[in-house]
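**Student:** Before I ask anything, here is the structure I am working with.
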Amino acid sequence: MEYVTLNNGVQMPMLGYGVYQVDPAECERCVSDAIAVGYRSIDTAQAYANEEGVGAAVRKSGVPREEFFLTSKVWITNAGYEKAKASIDESLKKLQTDYLDLMLIHQPFNDYYGTYRAMEDAYRAGKLRAIGVSNFYPDRFIDLYHFVDVKPAVNQIETHPFQQQRQAHALLQKYGVQHESWGPFAEGRKDLFQNPVLTGIGGKYGKSAAQVVLRFLIQSGVVVIPKSTHRERMEENLSVFDFSLSQEDMAAVQALDEGESAFFSHYDPDTVEWFMGLVR
């Protein structure tokens, strides 16, 4: 495993296991499989409704808690100081742990300043080892960064070969904040797994298109959290530290960048109204 040192000195694995859209009934089994395969970084969120499954799998694994890097996220409906403070304690309870290694604001909506203050207090109290944000585009990220005491350690944003977030990446490097990818495979959109550039590169190394994607992002300095409910895919996704892409390969994948979301834009009023509909 490769690690990155966050801006507060905490070490974070470059590759973890994400449980977005993992059925709560299946989550404990999936996370148990991931742990058995060798994952130690697990990414969940309040909105995923499966924190309990993650916590149960970690507790039953027999692996010491300090070997894990656990991440969760405060959802929009829990925004604001008091609600966020209570939700952090609730997440700790569901995850059966005294602390989280990373807590993020899930979306840049509602009173995220109040949420961030609650996370700062939890950080100072030792309940959170690092704090950060998710889905914060450069404008909102810069605004938040300059008006908080504990600087965000991570920004988790949509990042994959078709949306490489070059502007955001450069900005995060400038501020010393770790770039983390959600959706590294673009959820299979645009025929990612059959993309001729990715499969062609993979053929050179005896690797799949998915493994090429993960290796590309890791070599670009981006933390990845691929998700799969199949143990063999979990093993495949973890097996990306035994090869490196050449400069030519990196350039070929960089050329796939379309510079726009494969899902939605937080700048789109219709998208924002959709998120507001979740809060009502």
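Here, A, B, ... name the chains of the structure tokens in the order displayed, residue numbers run from 1 inside each chain, and ligands are numbered from 1 in the same displayed order.
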Please report, as number ranges by chain, each residue of stretch 22-213 of chain A to which DSSP assigns alpha helix (DSSP H) when run on this structure's backbone.

**Tutor:** A: 24-37, 51-60, 81-94, 112-124, 138-145, 166-175, 196-205, 209-213

**Student:** Rank A:Gly200, A:Pro184, A:Gly53, A:Gly38 by their smallest atom-to-atom distance to A:Glu235, using only C-alpha atoms, and report the top residue only.

**Tutor:**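 Closest residue, counting only C-alpha atoms: A:Gly38.
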
**Student:** Could you check which of A:Leu245, A:Leu238, A:Val272, A:Leu100 is closest to A:Glu2, using only C-alpha atoms?

**Tutor:**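 Nearest to A:Glu2: A:Leu238.
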
**Student:** Using only C-alpha atoms, which protein or nucleic acid residues come within 10 Å of stretch 104-112 of chain A? Drop anything in the same chain fewer than 3 positions from it, and give the result as a VMD selection string.

**Tutor:** chain A and resid 45 to 47 71 to 81 84 115 to 119 130 to 137 140 to 141 144 152 to 157 266 272 275 to 276 279

**Student:** For the selection just defined, write its residues with N, CA and C atoms to a file, as a compact mmCIF listing (two decimals), in the first residue's frame.

**Tutor:**
```txt
# COMPACT_ATOMS: atom_id res chain seq x y z
N ALA A 45 -20.72 7.12 4.49
CA ALA A 45 -21.34 8.44 4.69
C ALA A 45 -22.68 8.25 5.38
N GLN A 46 -23.11 9.28 6.07
CA GLN A 46 -24.42 9.23 6.71
C GLN A 46 -25.52 8.96 5.69
N ALA A 47 -25.39 9.55 4.51
CA ALA A 47 -26.43 9.40 3.48
C ALA A 47 -26.48 8.00 2.89
N THR A 71 -13.59 6.75 7.08
CA THR A 71 -14.11 8.05 6.63
C THR A 71 -15.62 8.03 6.61
N SER A 72 -16.25 9.11 7.07
CA SER A 72 -17.68 9.30 6.87
C SER A 72 -17.92 10.76 6.50
N LYS A 73 -19.18 11.08 6.22
CA LYS A 73 -19.50 12.42 5.72
C LYS A 73 -20.81 12.90 6.34
N VAL A 74 -20.86 14.19 6.65
CA VAL A 74 -22.06 14.81 7.21
C VAL A 74 -22.99 15.19 6.06
N TRP A 75 -24.23 14.72 6.13
CA TRP A 75 -25.18 14.95 5.05
C TRP A 75 -25.86 16.33 5.18
N ILE A 76 -26.46 16.76 4.09
CA ILE A 76 -27.07 18.09 4.00
C ILE A 76 -28.10 18.32 5.11
N THR A 77 -28.92 17.32 5.39
CA THR A 77 -29.97 17.49 6.39
C THR A 77 -29.42 17.63 7.80
N ASN A 78 -28.15 17.29 7.99
CA ASN A 78 -27.51 17.44 9.31
C ASN A 78 -26.61 18.67 9.36
N ALA A 79 -26.79 19.58 8.40
CA ALA A 79 -25.95 20.78 8.35
C ALA A 79 -26.28 21.75 9.48
N GLY A 80 -25.32 22.61 9.80
CA GLY A 80 -25.48 23.55 10.90
C GLY A 80 -24.79 23.00 12.13
N TYR A 81 -24.35 23.89 13.01
CA TYR A 81 -23.50 23.47 14.12
C TYR A 81 -24.13 22.40 15.01
N ALA A 84 -25.01 19.06 13.08
CA ALA A 84 -23.78 18.37 12.67
C ALA A 84 -23.07 17.75 13.87
N THR A 115 -21.57 23.48 9.98
CA THR A 115 -21.12 22.08 9.98
C THR A 115 -19.62 22.02 10.20
N TYR A 116 -18.90 22.87 9.50
CA TYR A 116 -17.44 22.83 9.60
C TYR A 116 -16.97 23.21 11.01
N ARG A 117 -17.65 24.17 11.65
CA ARG A 117 -17.29 24.53 13.03
C ARG A 117 -17.50 23.35 13.97
N ALA A 118 -18.57 22.59 13.73
CA ALA A 118 -18.82 21.40 14.56
C ALA A 118 -17.71 20.36 14.34
N MET A 119 -17.26 20.24 13.10
CA MET A 119 -16.18 19.29 12.82
C MET A 119 -14.87 19.77 13.43
N ALA A 130 -8.88 13.96 11.18
CA ALA A 130 -8.73 14.91 10.07
C ALA A 130 -10.12 15.29 9.59
N ILE A 131 -10.26 16.48 9.03
CA ILE A 131 -11.55 16.94 8.52
C ILE A 131 -11.35 17.54 7.12
N GLY A 132 -12.44 17.55 6.36
CA GLY A 132 -12.34 18.09 5.01
C GLY A 132 -13.70 18.24 4.38
N VAL A 133 -13.72 18.28 3.07
CA VAL A 133 -14.96 18.53 2.33
C VAL A 133 -15.07 17.57 1.15
N SER A 134 -16.25 17.56 0.57
CA SER A 134 -16.52 16.74 -0.61
C SER A 134 -17.40 17.54 -1.55
N ASN A 135 -17.12 17.43 -2.83
CA ASN A 135 -17.90 18.12 -3.87
C ASN A 135 -17.81 19.64 -3.80
N PHE A 136 -16.75 20.15 -3.21
CA PHE A 136 -16.54 21.59 -3.18
C PHE A 136 -15.76 22.01 -4.41
N TYR A 137 -16.41 22.74 -5.30
CA TYR A 137 -15.76 23.25 -6.50
C TYR A 137 -14.79 24.36 -6.09
N ARG A 140 -16.14 27.64 -4.07
CA ARG A 140 -16.58 27.44 -2.68
C ARG A 140 -15.45 26.93 -1.81
N PHE A 141 -14.56 26.15 -2.40
CA PHE A 141 -13.43 25.65 -1.63
C PHE A 141 -12.55 26.81 -1.15
N LEU A 144 -14.30 28.79 1.67
CA LEU A 144 -14.27 28.10 2.96
C LEU A 144 -12.86 28.09 3.54
N PRO A 152 -9.02 22.37 5.76
CA PRO A 152 -9.44 21.06 5.27
C PRO A 152 -8.25 20.24 4.80
N ALA A 153 -8.26 18.95 5.11
CA ALA A 153 -7.16 18.07 4.74
C ALA A 153 -7.41 17.39 3.40
N VAL A 154 -8.70 17.26 3.03
CA VAL A 154 -9.09 16.50 1.84
C VAL A 154 -10.26 17.19 1.16
N ASN A 155 -10.29 17.12 -0.16
CA ASN A 155 -11.50 17.45 -0.93
C ASN A 155 -11.78 16.26 -1.84
N GLN A 156 -12.90 15.60 -1.59
CA GLN A 156 -13.28 14.41 -2.39
C GLN A 156 -14.23 14.86 -3.49
N ILE A 157 -13.79 14.73 -4.74
CA ILE A 157 -14.57 15.21 -5.88
C ILE A 157 -14.60 14.17 -7.00
N HIS A 266 -22.59 21.01 -9.99
CA HIS A 266 -23.13 21.79 -8.88
C HIS A 266 -23.37 23.24 -9.28
N VAL A 272 -28.90 21.84 -8.36
CA VAL A 272 -29.01 22.39 -7.00
C VAL A 272 -30.43 22.26 -6.49
N PHE A 275 -30.99 18.75 -5.29
CA PHE A 275 -30.44 18.52 -3.95
C PHE A 275 -31.32 19.17 -2.88
N MET A 276 -31.87 20.34 -3.17
CA MET A 276 -32.74 21.00 -2.19
C MET A 276 -34.00 20.18 -1.95
N VAL A 279 -33.72 17.78 0.84
CA VAL A 279 -33.71 18.35 2.19
C VAL A 279 -35.14 18.58 2.70
```
